Amino acid sequence: MDYIKYALLAGLAAVSYLLLLEWQRDYPPIDSRLEPTAVESTPANSEAGNAVALEDVPDVPSTNSDDIPEVSSAVATTDTVSSQSNDQDSLVTVTTDVLNVTINRRGGDIVFVSLPEHATEIDRPEDPFVLLESSGNRNYVAQSGLIGANGIDGGTQRPLYSVSSSDFSLSPNQDTLQVDLTLTDENGVEVTKRFTFRRGDYLIDIAYLIDNPTQAPWRANMFGQIKRGNYEDPTQGSGFGMASYLGFATTTSEDNYLKIPFDEITGNRPAYDIQGGWVALSQHYFISVFVPPQDMSNTYSFRRNAQGEFIGGFTSPQFEVPANSNGMQQVSFYAGPKDQYRLGEIAPWLDRTIDYGWLWFVASPIYWLLTQINDVIGNYGWSILILTLIVKAVFFKLSATSYRSMANMRRVMPKMNQLKERYGDDKMKLQKATMELYKKEKINPFGGCLPMLVQMPVFIALYWVLLEGVELRHAPWILWINDLSVMDPYFVLPLLMGASMYVQFMLNPTPQDPTQAKIMKFMPVVMTVFFLWFPAGLVLYWLANSVLGIAQQWYITRKIDAEYAAKEAARS
C-alpha cells in the first residue's frame with residue numbers, strides 16, 4: 001500500500017536527520033574546533049610572549065637573511081643588542097577602540113593585531129579575533145624598516161628602538177594616538193618611527209622622521225612586507241561551497257587586481273614596478289595591506305624564506321635627507337575587516353580585494369543595496385529576504401516568460417506522450433511531429449531556458465556578496481539562526497530548500513526521457529546534501545528565491561490553464 005511506503009520513507013528521513021545531527025556533534029566544523037592560540041592566551045608583556053615574538057623577528061642574518069630585502073650594503077646602528085635576554089621586555093602594546101596592537105621594539109614590526117569589534121566565536125564575545133600573531137604554529141606579522149646606504153635595518157641585527165612606555169591606550173577624549181619609537185645611529189642621526197592610530201579606524205600610519213645633524217646627506221629606502229606561515233584560513237570554516245581566496249594581491253598597470261596565490265610564489269617570480277600601488281594579504285572576511293607613498297614608483301616582490309613562510313612587500317625608491325636638515329617618509333598599514341567602502345577610500349582598486357570574481361561590477365551594486373536595506377531593517381536575515389524579493393521583482397517579467405513557457409509545455413505534455421506512443425522508436429518522425437505541435441500550440445521549447453540564463457549572472461553575483469560580506473559574520477536572524485555566516489546547526493533551512501526545489505520540479509514539465517526524468521527528480525536530494533554545510537545566509541537566499549519562484553510559477557500555470565479551458569469551452 002502507498003501509505004506504508006510513505007510511512008517508511010518518512011521514518012527513514014527522520015532517522016537520517018537524527019544521525020546527521022549526531023554526526024555534526026561528533027565532527028563539528030573546523031573553525032569551531034580551533035583552540036585559542038599561544039598569543040591569545042599569553043599576555044603581551046609576559047616573558048613567554050616576548051620569546052615567541054622574538055623568534056619570528058628576522059634579527060639573525062645567518063638564518064633569516066632572506067626576510068629583509070636588500071638594496072645595497074647597509075650601515076649597522078650602535079643601538080643594536082646582541083643578547084636576546086635584553087629583548088625580553090621589547091614588546092609595546094597599543095589599545096584603541098577597534099585595535100589591539102603589539103609592536104616589537106626590535107625593528108618596530110607589528111607582531112600582533114586583534115579586533116575587539118569582531119569576536120573569535122559568537123559565544124565568546126570577550127575574545128577578540130586575532131588577525132596578526134607570532135606564535136609557535138601561526139606566524140603572520142607586518143614588517144617595515146629602512147634599508148640601503150644609511151638604512152638602519154640592514155646590519156647584523158634589526159635595530160632596537162627606545163620608547164617612553166610599554167603600554168599606550170586611546171583615551172575616551174582622544175581621536176588620535178601617536179606612538180614614537182626612537183634611536184640614534186653611530187653618526188648621530190636620530191630616527192623616529194611614529195605609529196599614528198585614529199578612533200574607529202583600522203588604518204595605521206607609519207612615518208619615519210629623520211633628523212640629520214651631520215655634514216653629509218643621509219640616504220635610505222623604505223620597505224614594508226607582510227610575512228605569513230603556510231596554514232589554513234581560520235575564518236574559512238568547512239563546507240562544500242566555493243572557498244574564499246587566501247593569498248597575496250596587488251595592483252599593476254596591466255591588472256587592477258592581481259592575485260598571487262601562495263603556490264605560485266617561487267624564486268623566479270618577477271618583481272613589479274608600480275606607481276603608488278599596494279600589497280595585501282587577503283583571507284575570508286579580513287585583510288592586511290601595506291600602502292606606500294602613491295607619488296613614487298615602488299617595487300613589489302613576493303618570495304618564500306628558508307622557514308617556508310611567504311613574504312609579499314614593497315621597496316620604495318631611495319630618499320635623501322640633506323645635511324643639517326630633517327626629512328620624513330610614510331607608509332600606511334591596514335589590518336581589519338574587508339570594508340568595501342573604506343578600502344576604496346584608502347587606495348585605488350583596493351576594494352577589489354573583496355573578491356566577487358569576474359562579476360564584481362554586478363556584485364558591488366547588490367552589496368550597496370543590501371547594506372542600504374539593512375540600515376533601515378537592522379537585521380541581515382530580513383534584509384536578505386527583502387533583497388531577494390527586490391531581485392525577483394526586477395526579473396518578474398523574464399521569470400514570467402520562462403514560467404509561461406514551462407506551463408505551456410506542461411499543458412501539451414499529454415499530446416507529446418501520444419506522439420511518442422504513435423511513432424515509437426522512429427526519432428525522425430517523432431521530432432518532426434513534436435516541432436509541428438510546438439508550432440501549432442505557439443510554444444518556444446527554449447522559452448523556459450533563455451530568461452533563466454539572463455538572470456544567472458545576478459544570482460551568482462548575489463551568491464558572492466553573501467559569501468564575502470563580513471557584515472554577515474556573527475549576524476543573527478531569528479530563533480536558532482544566530483550567525484548567518486555559518487551553517488544551520490539543525491539543517492532546517494537546507495531541508496526546506498530541498499523541499500522547495502522538489503515542489504518546483506513537480507510544477508515543471510516532466511522530461512520525456514525517463515533517465516533524464518529520474519536525474520531531475522533526484523536533483524533536489526543532491527542539492528540538499530550540497531547545501532547542508534553552506535552558510536545560513538546563502539541557504540536563506542536560495543530558499544526565499546525558490547519559494548517566490550513557486551508562488552509565481554503556480555500563479556502563471558493556473559492562469560494559463562484557466563485561459564486554455566476558456567478557449568476550449570468557447571470552441572465547443
# chains A, B, ... in the order shown; residues from 1 in each chain; ligands from 1
>>> select_by_dssp(residues="stretch 142-378 of chain A", states="alpha helix (DSSP H)", output="JSON, numbers by chain")
{"A": [340, 341, 342, 343, 344, 345, 346, 360, 361, 362, 363, 364, 365, 366, 367, 368, 369, 370, 371, 372, 373, 374, 375, 376, 377]}
>>> closest_residue(among="A:Ser164, A:Asp355, A:Val547, A:Ile210", to="A:Leu246", atoms="only C-alpha atoms")
A:Asp355
>>> atom_distance(atom1="atom CA of A:Leu115", atom2="atom CA of A:Asn100")
6.4 Å
>>> residues_around(residues="A:Thr353", least_positions_apart="5", cutoff="8 Å", atoms="only C-alpha atoms", output="list in words")
Ala249, Tyr257, Ser282 and Lys338 of chain A
>>> residues_around(residues="A:Ala335", least_positions_apart="4", cutoff="7 Å", atoms="only C-alpha atoms", output="list in words")
Tyr202, Leu203, Ile287, Ser288 and Val289 of chain A
>>> closest_residue(among="A:Pro524, A:Pro489, A:Gly148, A:Pro116", to="A:Met506", atoms="only C-alpha atoms")
A:Pro524
>>> residues_around(residues="A:Gln174", least_positions_apart="4", cutoff="9 Å", atoms="only C-alpha atoms", output="CSV table (one decimal) with N, CA, C and O atoms, in the first residue's frame")
chain,number,residue,atom,x,y,z
A,170,LEU,N,44.3,54.6,23.7
A,170,LEU,CA,43.5,55.7,23.2
A,170,LEU,C,42.4,56.1,24.2
A,170,LEU,O,41.5,55.3,24.4
A,198,ARG,N,43.9,56.1,14.8
A,198,ARG,CA,42.8,57.0,14.9
A,198,ARG,C,41.6,56.2,15.4
A,198,ARG,O,41.4,55.0,15.1
A,199,ARG,N,40.7,56.9,16.1
A,199,ARG,CA,39.5,56.3,16.6
A,199,ARG,C,38.6,55.8,15.5
A,199,ARG,O,38.4,56.4,14.5
>>> atom_distance(atom1="atom CA of A:Gln307", atom2="atom CA of A:Asp67")
9.7 Å
>>> select_by_dssp(residues="stretch 77-171 of chain A", states="strand (DSSP E or B)", output="number ranges by chain")
A: 91-95, 100-104, 106, 109-119, 128-134, 139-147, 160, 162, 167-169
>>> closest_residue(among="A:Tyr231, A:Phe531, A:Tyr161, A:Tyr490", to="A:Tyr140", atoms="only C-alpha atoms")
A:Tyr231
>>> residues_around(residues="A:Leu466", least_positions_apart="6", cutoff="8 Å", atoms="only C-alpha atoms", output="compact mmCIF listing (two decimals) with N, CA, C and O atoms, in the first residue's frame")
# COMPACT_ATOMS: atom_id res chain seq x y z
N LEU A 472 27.88 39.78 7.48
CA LEU A 472 27.07 38.61 7.85
C LEU A 472 27.75 37.76 8.91
O LEU A 472 27.11 36.87 9.49
N GLY A 537 23.02 32.27 5.67
CA GLY A 537 22.58 33.40 4.86
C GLY A 537 22.40 33.03 3.41
O GLY A 537 21.43 33.46 2.76
N LEU A 538 23.31 32.21 2.86
CA LEU A 538 23.20 31.77 1.48
C LEU A 538 22.00 30.85 1.29
O LEU A 538 21.25 30.96 0.32
>>> residues_around(residues="A:Pro365", least_positions_apart="5", cutoff="10 Å", atoms="only C-alpha atoms", output="list in words")
Trp360, Leu370, Thr371, Ala461, Leu462 and Val465 of chain A
>>> closest_residue(among="A:Ile204, A:Val163, A:Val92, A:Ile311", to="A:Val291", atoms="only C-alpha atoms")
A:Ile204
>>> closest_residue(among="A:Arg404, A:Lys518, A:Arg228, A:Arg105", to="A:Arg138", atoms="only C-alpha atoms")
A:Arg228
>>> atom_distance(atom1="atom CA of A:Ala306", atom2="atom CA of A:Arg106")
20.5 Å
